[in-house]
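What's in start10.cif: mmCIF, C-alpha atoms
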```
data_run
#
loop_
_atom_site.group_PDB
_atom_site.id
_atom_site.type_symbol
_atom_site.label_atom_id
_atom_site.label_comp_id
_atom_site.auth_asym_id
_atom_site.auth_seq_id
_atom_site.Cartn_x
_atom_site.Cartn_y
_atom_site.Cartn_z
ATOM 1 C CA MET A 110 102.045 92.077 116.790
ATOM 2 C CA VAL A 111 103.617 94.881 114.763
ATOM 3 C CA ALA A 112 103.735 98.363 116.276
ATOM 4 C CA LEU A 113 101.167 100.747 114.878
ATOM 5 C CA ARG A 114 103.932 103.180 113.934
ATOM 6 C CA ASP A 115 105.250 100.551 111.488
ATOM 7 C CA PHE A 116 101.786 100.120 110.138
ATOM 8 C CA LEU A 117 101.385 103.860 109.512
ATOM 9 C CA GLN A 118 103.890 103.506 106.691
ATOM 10 C CA ILE A 119 101.010 102.162 104.608
ATOM 11 C CA ALA A 120 100.284 105.796 103.752
ATOM 12 C CA GLY A 121 103.411 105.664 101.557
ATOM 13 C CA VAL A 122 102.465 102.479 99.718
ATOM 14 C CA GLU A 123 101.901 102.959 95.982
ATOM 15 C CA GLY A 124 98.328 103.873 95.106
ATOM 16 C CA VAL A 125 97.047 104.182 98.686
ATOM 17 C CA ASP A 126 94.967 107.308 99.183
ATOM 18 C CA LYS A 127 93.175 106.611 102.491
ATOM 19 C CA TYR A 128 93.139 103.681 104.878
ATOM 20 C CA ILE A 129 91.450 102.238 107.943
ATOM 21 C CA PHE A 130 92.772 99.468 110.177
ATOM 22 C CA LEU A 131 90.409 97.539 112.454
ATOM 23 C CA ASP A 132 90.872 95.043 115.252
ATOM 24 C CA SER A 133 89.058 91.693 115.515
ATOM 25 C CA ARG A 134 85.919 93.369 116.883
ATOM 26 C CA GLY A 135 85.802 96.144 114.302
ATOM 27 C CA LYS A 136 87.286 98.812 116.547
ATOM 28 C CA ILE A 137 89.264 101.453 114.650
ATOM 29 C CA LEU A 138 92.983 101.340 115.420
ATOM 30 C CA VAL A 139 94.192 103.895 112.862
ATOM 31 C CA ASN A 140 92.462 105.625 109.985
ATOM 32 C CA THR A 141 92.537 108.519 107.551
ATOM 33 C CA MET A 142 89.019 107.992 106.165
ATOM 34 C CA LYS A 143 86.545 110.806 105.592
ATOM 35 C CA HIS A 144 83.755 108.937 107.413
ATOM 36 C CA PRO A 145 85.506 106.511 109.764
ATOM 37 C CA ALA A 146 82.390 105.250 111.561
ATOM 38 C CA THR A 147 80.520 104.137 108.433
ATOM 39 C CA SER A 148 83.743 103.022 106.729
ATOM 40 C CA SER A 149 84.638 100.775 109.647
ATOM 41 C CA THR A 150 81.208 99.081 109.582
ATOM 42 C CA MET A 151 81.459 98.413 105.858
ATOM 43 C CA VAL A 152 85.088 97.229 105.935
ATOM 44 C CA PHE A 153 84.558 95.039 109.004
ATOM 45 C CA ASN A 154 81.327 93.375 107.815
ATOM 46 C CA CYS A 155 82.567 92.722 104.276
ATOM 47 C CA GLY A 156 85.963 91.518 105.475
ATOM 48 C CA ARG A 157 84.318 89.134 107.950
ATOM 49 C CA ASN A 158 81.821 87.822 105.365
ATOM 50 C CA LEU A 159 84.553 87.030 102.869
ATOM 51 C CA SER A 160 86.835 85.498 105.473
ATOM 52 C CA LEU A 161 83.955 83.165 106.359
ATOM 53 C CA ILE A 162 83.722 81.755 102.834
ATOM 54 C CA GLY A 163 87.363 82.015 101.795
ATOM 55 C CA ARG A 164 88.936 81.321 105.215
ATOM 56 C CA SER A 165 92.724 81.565 104.967
ATOM 57 C CA ASN A 166 92.494 81.526 101.150
ATOM 58 C CA PHE A 167 90.761 84.913 101.082
ATOM 59 C CA LYS A 168 93.388 87.396 99.892
ATOM 60 C CA TYR A 169 91.496 90.626 99.259
ATOM 61 C CA VAL A 170 88.353 92.141 97.773
ATOM 62 C CA VAL A 171 87.924 95.146 95.488
ATOM 63 C CA PHE A 172 84.784 97.300 95.376
ATOM 64 C CA SER A 173 84.857 99.122 92.037
ATOM 65 C CA LYS A 174 83.438 102.625 91.935
ATOM 66 C CA ARG A 175 82.564 104.777 88.955
ATOM 67 C CA ASP A 176 84.850 107.576 90.179
ATOM 68 C CA GLY A 177 87.836 105.182 90.244
ATOM 69 C CA LYS A 178 88.401 105.589 93.999
ATOM 70 C CA ASN A 179 87.961 101.862 94.537
ATOM 71 C CA ILE A 180 87.920 100.315 97.995
ATOM 72 C CA LEU A 181 90.131 97.316 98.761
ATOM 73 C CA ILE A 182 89.812 95.174 101.881
ATOM 74 C CA PHE A 183 92.552 92.849 103.137
ATOM 75 C CA PRO A 184 92.434 90.326 105.972
ATOM 76 C CA VAL A 185 95.471 90.766 108.260
ATOM 77 C CA GLY A 186 95.281 87.829 110.663
ATOM 78 C CA LYS A 187 92.470 88.744 113.052
ATOM 79 C CA TYR A 188 92.592 92.329 111.850
ATOM 80 C CA THR A 189 91.134 93.979 108.766
ATOM 81 C CA LEU A 190 92.596 96.653 106.543
ATOM 82 C CA GLY A 191 90.514 98.865 104.254
ATOM 83 C CA VAL A 192 92.175 101.010 101.597
ATOM 84 C CA VAL A 193 90.827 103.648 99.221
ATOM 85 C CA LYS A 194 92.995 103.687 96.131
ATOM 86 C CA GLN A 195 94.071 106.750 94.238
ATOM 87 C CA GLN A 196 92.331 107.479 90.951
ATOM 88 C CA GLY A 197 94.152 106.395 87.812
ATOM 89 C CA ILE A 198 96.042 103.483 89.347
ATOM 90 C CA LYS A 199 95.118 99.886 88.549
ATOM 91 C CA ASN A 200 93.593 97.724 91.290
ATOM 92 C CA GLN A 201 96.217 95.063 90.745
ATOM 93 C CA VAL A 202 99.094 97.514 91.270
ATOM 94 C CA VAL A 203 97.684 98.729 94.610
ATOM 95 C CA ALA A 204 96.706 95.225 95.751
ATOM 96 C CA ASP A 205 100.187 93.842 94.982
ATOM 97 C CA ALA A 206 101.892 96.793 96.719
ATOM 98 C CA VAL A 207 99.735 96.399 99.836
ATOM 99 C CA LEU A 208 100.273 92.618 99.935
ATOM 100 C CA VAL A 209 104.048 93.142 99.719
ATOM 101 C CA PHE A 210 103.836 95.730 102.541
ATOM 102 C CA LEU A 211 101.773 93.354 104.730
ATOM 103 C CA ASN A 212 104.249 90.542 104.080
ATOM 104 C CA ILE A 213 107.132 92.742 105.227
ATOM 105 C CA LEU A 214 105.210 93.549 108.424
ATOM 106 C CA ARG A 215 104.460 89.848 108.993
ATOM 107 C CA LYS A 216 108.133 88.940 108.601
ATOM 108 C CA LYS A 217 109.085 91.769 110.962
ATOM 109 C CA ALA A 218 106.570 90.566 113.549
ATOM 110 C CA TYR A 219 107.844 86.990 113.148
ATOM 111 C CA THR A 220 111.486 88.080 113.608
ATOM 112 C CA LYS A 221 110.574 90.101 116.712
ATOM 113 C CA GLY A 222 108.766 87.050 118.077
ATOM 114 C CA GLU A 223 111.889 84.920 117.551
ATOM 115 C CA ASP A 224 114.117 87.511 119.226
ATOM 116 C CA SER A 225 112.000 87.846 122.347
ATOM 117 C CA MET B 247 67.136 103.924 81.612
ATOM 118 C CA ILE B 248 69.797 104.750 84.203
ATOM 119 C CA LEU B 249 73.041 106.317 83.049
ATOM 120 C CA PHE B 250 75.914 107.556 85.161
ATOM 121 C CA CYS B 251 77.512 110.951 84.838
ATOM 122 C CA GLU B 252 81.096 110.680 83.591
ATOM 123 C CA ASP B 253 82.112 113.630 85.734
ATOM 124 C CA CYS B 254 80.496 113.162 89.168
ATOM 125 C CA GLY B 255 79.408 109.507 88.861
ATOM 126 C CA GLN B 256 75.812 110.201 89.971
ATOM 127 C CA LYS B 257 72.830 108.277 88.580
ATOM 128 C CA ASN B 258 70.641 109.943 85.972
ATOM 129 C CA GLU B 259 67.318 108.423 84.957
ATOM 130 C CA LEU B 260 66.564 109.049 81.293
ATOM 131 C CA LYS B 261 63.487 108.370 79.197
ATOM 132 C CA GLU B 262 63.321 104.980 77.426
ATOM 133 C CA GLY B 263 63.827 106.597 74.004
ATOM 134 C CA TYR B 264 67.500 107.103 74.823
ATOM 135 C CA ALA B 265 68.026 103.339 74.934
ATOM 136 C CA ARG B 266 67.432 103.022 71.182
ATOM 137 C CA LYS B 267 70.101 105.523 70.306
ATOM 138 C CA LYS B 268 73.706 104.439 69.831
ATOM 139 C CA HIS B 269 74.957 107.647 71.393
ATOM 140 C CA VAL B 270 73.502 109.587 74.311
ATOM 141 C CA VAL B 271 73.857 113.232 75.143
ATOM 142 C CA PHE B 272 72.440 114.400 78.444
ATOM 143 C CA ARG B 273 73.122 116.996 81.095
ATOM 144 C CA CYS B 274 73.716 115.561 84.580
ATOM 145 C CA ALA B 275 70.876 116.499 86.945
ATOM 146 C CA HIS B 276 73.354 116.626 89.844
ATOM 147 C CA CYS B 277 76.416 118.527 88.590
ATOM 148 C CA ASN B 278 75.155 119.905 85.265
ATOM 149 C CA TYR B 279 78.001 118.260 83.334
ATOM 150 C CA LEU B 280 77.202 117.654 79.648
ATOM 151 C CA ASN B 281 77.715 113.941 79.027
ATOM 152 C CA SER B 282 78.163 112.508 75.568
ATOM 153 C CA TYR B 283 79.084 108.884 75.126
ATOM 154 C CA PRO B 284 78.165 105.770 73.082
ATOM 155 C CA ILE B 285 75.887 103.102 74.509
ATOM 156 C CA PRO B 286 75.248 99.592 73.181
ATOM 157 C CA VAL B 287 72.084 99.003 71.186
ATOM 158 C CA SER B 288 69.658 96.907 73.247
ATOM 159 C CA ALA B 289 67.929 95.360 70.216
ATOM 160 C CA LYS B 290 69.461 91.963 70.944
ATOM 161 C CA LYS B 291 68.072 92.015 74.484
ATOM 162 C CA HIS B 292 66.689 88.700 75.767
ATOM 163 C CA THR B 293 67.203 86.706 72.570
ATOM 164 C CA LEU B 294 68.772 83.929 74.673
ATOM 165 C CA THR B 295 67.290 82.229 77.746
ATOM 166 C CA GLY B 296 69.100 82.745 81.050
ATOM 167 C CA ASP B 297 70.641 79.297 80.807
ATOM 168 C CA GLU B 298 71.807 79.811 77.210
ATOM 169 C CA PHE B 299 73.227 83.214 78.084
ATOM 170 C CA LEU B 300 75.281 81.811 80.972
ATOM 171 C CA LYS B 301 76.503 78.955 78.755
ATOM 172 C CA LYS B 302 77.675 81.544 76.241
ATOM 173 C CA LEU B 303 79.535 83.474 78.970
ATOM 174 C CA LYS B 304 81.162 80.266 80.151
ATOM 175 C CA THR B 305 82.733 79.716 76.717
ATOM 176 C CA PHE B 306 85.219 82.545 77.423
ATOM 177 C CA PRO B 307 88.588 81.009 78.344
ATOM 178 C CA GLU B 308 88.959 83.387 81.329
ATOM 179 C CA ILE B 309 85.717 82.142 82.896
ATOM 180 C CA ILE B 310 85.582 79.041 85.087
ATOM 181 C CA GLY B 311 81.891 79.292 85.929
ATOM 182 C CA VAL B 312 78.988 81.705 86.256
ATOM 183 C CA PHE B 313 75.650 81.788 88.061
ATOM 184 C CA LEU B 314 72.695 84.055 88.778
ATOM 185 C CA TYR B 315 71.705 84.616 92.406
ATOM 186 C CA HIS B 316 68.383 86.035 93.602
ATOM 187 C CA GLU B 317 68.358 87.732 97.014
ATOM 188 C CA LYS B 318 65.303 85.747 98.175
ATOM 189 C CA LYS B 319 65.150 82.696 95.870
ATOM 190 C CA GLY B 320 68.866 81.833 95.946
ATOM 191 C CA VAL B 321 70.588 80.381 92.847
ATOM 192 C CA ILE B 322 68.286 80.727 89.822
ATOM 193 C CA GLU B 323 70.666 79.775 86.973
ATOM 194 C CA ASN B 324 73.882 77.847 87.360
ATOM 195 C CA GLN B 325 76.837 77.173 85.089
ATOM 196 C CA MET B 326 79.454 76.573 87.792
ATOM 197 C CA PRO B 327 81.841 73.577 87.626
ATOM 198 C CA GLY B 328 80.144 70.301 88.591
ATOM 199 C CA ILE B 329 82.638 69.720 91.401
ATOM 200 C CA LEU B 330 80.842 72.389 93.470
ATOM 201 C CA GLN B 331 77.704 71.303 95.299
ATOM 202 C CA ASP B 332 74.501 73.359 95.042
ATOM 203 C CA GLU B 333 74.778 74.226 98.737
ATOM 204 C CA ASP B 334 78.309 75.615 98.267
ATOM 205 C CA ILE B 335 77.195 77.784 95.359
ATOM 206 C CA ASP B 336 74.225 79.039 97.379
ATOM 207 C CA ILE B 337 76.517 79.997 100.300
ATOM 208 C CA LEU B 338 78.885 81.732 97.877
ATOM 209 C CA GLY B 339 75.993 83.693 96.380
ATOM 210 C CA ARG B 340 74.560 84.626 99.781
ATOM 211 C CA TYR B 341 77.795 85.881 101.364
ATOM 212 C CA LEU B 342 79.031 87.690 98.277
ATOM 213 C CA SER B 343 75.688 89.384 97.580
ATOM 214 C CA ASP B 344 75.472 90.367 101.287
ATOM 215 C CA SER B 345 78.911 91.965 101.058
ATOM 216 C CA PHE B 346 78.034 93.698 97.808
ATOM 217 C CA ILE B 347 74.796 95.110 99.308
ATOM 218 C CA THR B 348 76.740 96.280 102.381
ATOM 219 C CA GLY B 349 79.224 98.017 100.079
ATOM 220 C CA GLN B 350 76.502 99.705 98.043
ATOM 221 C CA ALA B 351 74.746 100.865 101.215
ATOM 222 C CA PHE B 352 78.016 102.572 102.165
ATOM 223 C CA ASP B 353 78.616 104.050 98.717
ATOM 224 C CA ALA B 354 76.001 103.984 95.939
ATOM 225 C CA ASN B 355 78.757 104.473 93.334
ATOM 226 C CA ILE B 356 79.957 100.910 93.866
ATOM 227 C CA HIS B 357 78.959 98.895 90.796
ATOM 228 C CA GLN B 358 81.090 95.761 90.985
ATOM 229 C CA MET B 359 82.911 93.668 93.560
ATOM 230 C CA MET B 360 85.753 91.217 92.966
ATOM 231 C CA ALA B 361 87.044 88.868 95.668
ATOM 232 C CA VAL B 362 90.319 86.986 95.373
ATOM 233 C CA ILE B 363 90.051 83.581 96.985
ATOM 234 C CA SER B 364 93.009 81.264 96.535
ATOM 235 C CA ASP B 365 94.012 81.819 92.877
ATOM 236 C CA LYS B 366 90.439 82.449 91.694
ATOM 237 C CA TYR B 367 88.762 85.789 91.047
ATOM 238 C CA ILE B 368 85.072 85.972 91.897
ATOM 239 C CA THR B 369 83.255 88.950 90.453
ATOM 240 C CA ILE B 370 79.743 89.998 91.378
ATOM 241 C CA GLN B 371 77.540 92.595 89.740
ATOM 242 C CA ARG B 372 73.876 93.514 90.233
ATOM 243 C CA VAL B 373 71.892 92.974 87.018
ATOM 244 C CA GLU B 374 68.325 93.434 88.317
ATOM 245 C CA PRO B 375 67.016 94.925 91.570
ATOM 246 C CA HIS B 376 67.226 91.560 93.385
ATOM 247 C CA VAL B 377 69.418 89.560 91.001
ATOM 248 C CA PHE B 378 73.203 89.307 90.857
ATOM 249 C CA ILE B 379 75.524 87.679 88.349
ATOM 250 C CA LEU B 380 78.616 85.984 89.758
ATOM 251 C CA PHE B 381 81.644 84.911 87.765
ATOM 252 C CA ALA B 382 84.450 82.648 88.894
ATOM 253 C CA GLY B 383 87.403 83.554 86.717
ATOM 254 C CA LYS B 384 91.116 83.062 86.143
ATOM 255 C CA THR B 385 91.844 86.781 85.676
ATOM 256 C CA PRO B 386 91.177 89.821 87.930
ATOM 257 C CA SER B 387 88.997 91.676 85.455
ATOM 258 C CA LEU B 388 86.190 90.504 83.220
ATOM 259 C CA PRO B 389 86.897 90.679 79.470
ATOM 260 C CA GLN B 390 85.390 93.779 77.850
ATOM 261 C CA LYS B 391 83.343 91.510 75.581
ATOM 262 C CA ILE B 392 81.568 90.100 78.643
ATOM 263 C CA GLN B 393 80.872 93.594 79.991
ATOM 264 C CA ASP B 394 79.364 94.446 76.596
ATOM 265 C CA LEU B 395 77.153 91.352 76.657
ATOM 266 C CA LEU B 396 75.924 92.245 80.158
ATOM 267 C CA GLU B 397 75.164 95.784 79.046
ATOM 268 C CA ILE B 398 73.236 94.555 76.014
ATOM 269 C CA ARG B 399 71.184 92.098 78.021
ATOM 270 C CA TRP B 400 70.459 94.184 81.109
ATOM 271 C CA SER B 401 71.180 97.755 79.937
ATOM 272 C CA LEU B 402 73.600 98.167 82.841
#
```

Now, as a test, write the supplied structure out as structure tokens.
Amino acid sequence: MVALRDFLQIAGVEGVDKYIFLDSRGKILVNTMKHPATSSTMVFNCGRNLSLIGRSNFKYVVFSKRDGKNILIFPVGKYTLGVVKQQGIKNQVVADAVLVFLNILRKKAYTKGEDS
Amino acid sequence: MILFCEDCGQKNELKEGYARKKHVVFRCAHCNYLNSYPIPVSAKKHTLTGDEFLKKLKTFPEIIGVFLYHEKKGVIENQMPGILQDEDIDILGRYLSDSFITGQAFDANIHQMMAVISDKYITIQRVEPHVFILFAGKTPSLPQKIQDLLEIRWSL
């Protein structure tokens, strides 16, 4: 498991405006959302639904909004990450940047596991 | 006819007469912003049956398959690849529409959802109060031509 302080660096990932990170039961671990309680319910339920049909092949989901502040949800093992993207940036750019960030964290967690 | 404000994104319900015009001008009831933008003419509306319309959408090279899902009745039109069983398509429709409804309950400005599963992009959009259209595609976004066809048929 990666330390939450490593995870907080997601705030600096390209295109990320706000984020929420949930554990396997939907409990909020870290967040910068305006309405964390309702956001966590939405992110957790949608993330779980899509993981059920896509299983390990589910990569992410994008909810497109008319104001451009789209919401992206990523499965992170048993955890779920929700991101609100900045206006004016393409979904694909944010999704790729977040996936790269999550991969770095996974590798870091794997290396730590090997060391210990 | 429902149109969205370009400034605040809120819904505005306009009289039917607006639908026949190629260009609409209206003041947003929520933020008072003066909107002015072109809309597609809906004269071609419903010239094709549901099945024919989906077959037409499936001719786009970016599209692998498409189906219509009703919240209560399940799959009502299907042009998905034959390799998928009816039950699989029904499950896909149920879970994706559930997620979409959950998203819209959280934020009414959500108008489309796209899930990436394996190397496929599955897009869902509400076209009628209880009906959704789902596309399985090879690219993350639907071609503009498809969006135009949806707008013409359902005045989205």

Item to complete: Please write the residues picked by the PyMOL selection byres ((chain B) within 12 of (chain A)) on this file as a PyMOL selection string.
Response: chain B and resi 249-257+334-371+385-387

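CA of Gly296 in chain B to CA of Glu323 in chain B spans 6.8 Å [interatomic distance, one decimal].
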
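Interatomic distance, CA of Lys127 in chain A to CA of Asn212 in chain A: 19.6 Å.
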
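The smallest atom-to-atom distance between Val193 in chain A and any of A:Arg215, A:Lys136, A:Lys143, A:Arg114, using only C-alpha atoms, is found for A:Lys143.
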
Item to complete: Give as a PyMOL selection string the residues that the PyMOL selection byres ((chain A and resi 123) around 9) matches when applied to the coordinates above.
Response: chain A and resi 119-122+124-126+194-195+198+202-203+206-207

Worksheet entry | Hits of the PyMOL selection byres ((chain A and resi 112) around 12) in this structure, as number ranges by chain | A: 110-111, 113-118, 138-139, 214-215, 217-218, 221

The centre and edge lengths of an axis-aligned box containing all atoms of range 208-220 of chain A present in the file, extended by 6 Å on each side, are to be given in Å to one decimal, as lines of an AutoDock Vina configuration file.
```
center_x = 105.9
center_y = 91.4
center_z = 106.7
size_x = 23.2
size_y = 20.7
size_z = 25.9
```

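Computed from the coordinates, the CA of Trp400 in chain B to CA of Tyr279 in chain B distance equals 25.3 Å.
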
Practice prompt. Quick one: everything within 12 Å of Asp332 in chain B, counting all atoms listed in the file, minus sequence neighbours fewer than 6 positions away in the same chain. Send it as a PyMOL selection string.
Written response: chain B and resi 313+315+320-326+338-339

Discussion item. Can you tell me which residues surround range 301-306 of chain B at a distance of at most 9 Å, considering all atoms listed in the file, apart from same-chain residues fewer than 3 positions away, and format the answer as an MDAnalysis selection string?
Written reply: chainID B and resid 296:298 309:312 325:326 381 389 392 395

Taking (69.0, 87.1, 92.8) in the file's coordinates, which residues come within 7 Å, counting only C-alpha atoms, written as a JSON list (two decimals) with C-alpha atoms, in the coordinates of the input?
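And here's part29.json as it stands now:
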```json
[["chain", "number", "residue", "atom", "x", "y", "z"],
["B", 314, "LEU", "CA", 72.69, 84.06, 88.78],
["B", 315, "TYR", "CA", 71.70, 84.62, 92.41],
["B", 316, "HIS", "CA", 68.38, 86.04, 93.60],
["B", 317, "GLU", "CA", 68.36, 87.73, 97.01],
["B", 318, "LYS", "CA", 65.30, 85.75, 98.18],
["B", 319, "LYS", "CA", 65.15, 82.70, 95.87],
["B", 320, "GLY", "CA", 68.87, 81.83, 95.95],
["B", 321, "VAL", "CA", 70.59, 80.38, 92.85],
["B", 376, "HIS", "CA", 67.23, 91.56, 93.38],
["B", 377, "VAL", "CA", 69.42, 89.56, 91.00],
["B", 378, "PHE", "CA", 73.20, 89.31, 90.86]]
```

Missing atoms in range 372-389 of chain B: fill them in up to N, CA and C atoms and send the result as a compact mmCIF listing (two decimals), in the coordinates of the input.
```txt
# COMPACT_ATOMS: atom_id res chain seq x y z
N ARG B 372 75.34 93.55 90.18
CA ARG B 372 73.88 93.51 90.23
C ARG B 372 73.35 93.72 88.81
N VAL B 373 72.43 92.84 88.37
CA VAL B 373 71.89 92.97 87.02
C VAL B 373 70.41 93.35 87.02
N GLU B 374 69.73 93.04 88.12
CA GLU B 374 68.32 93.43 88.32
C GLU B 374 68.21 93.81 89.79
N PRO B 375 67.10 94.48 90.18
CA PRO B 375 67.02 94.92 91.57
C PRO B 375 67.35 93.85 92.61
N HIS B 376 66.95 92.60 92.39
CA HIS B 376 67.23 91.56 93.38
C HIS B 376 68.11 90.43 92.83
N VAL B 377 68.65 90.64 91.65
CA VAL B 377 69.42 89.56 91.00
C VAL B 377 70.87 89.99 90.76
N PHE B 378 71.77 89.06 91.04
CA PHE B 378 73.20 89.31 90.86
C PHE B 378 73.78 88.26 89.91
N ILE B 379 74.79 88.66 89.15
CA ILE B 379 75.52 87.68 88.35
C ILE B 379 76.89 87.51 88.99
N LEU B 380 77.32 86.27 89.13
CA LEU B 380 78.62 85.98 89.76
C LEU B 380 79.48 85.16 88.81
N PHE B 381 80.69 85.60 88.62
CA PHE B 381 81.64 84.91 87.76
C PHE B 381 82.79 84.38 88.61
N ALA B 382 83.19 83.15 88.35
CA ALA B 382 84.45 82.65 88.89
C ALA B 382 85.42 82.66 87.71
N GLY B 383 86.51 83.39 87.85
CA GLY B 383 87.40 83.55 86.72
C GLY B 383 88.86 83.30 87.05
N LYS B 384 89.67 83.28 85.98
CA LYS B 384 91.12 83.06 86.14
C LYS B 384 91.88 84.38 86.13
N THR B 385 91.19 85.47 85.77
CA THR B 385 91.84 86.78 85.68
C THR B 385 91.10 87.80 86.55
N PRO B 386 91.81 88.86 87.02
CA PRO B 386 91.18 89.82 87.93
C PRO B 386 90.02 90.62 87.32
N SER B 387 90.09 90.89 86.02
CA SER B 387 89.00 91.68 85.46
C SER B 387 88.27 90.89 84.36
N LEU B 388 86.99 91.18 84.24
CA LEU B 388 86.19 90.50 83.22
C LEU B 388 86.57 91.05 81.85
N PRO B 389 86.61 90.18 80.83
CA PRO B 389 86.90 90.68 79.47
C PRO B 389 85.86 91.72 79.06
```
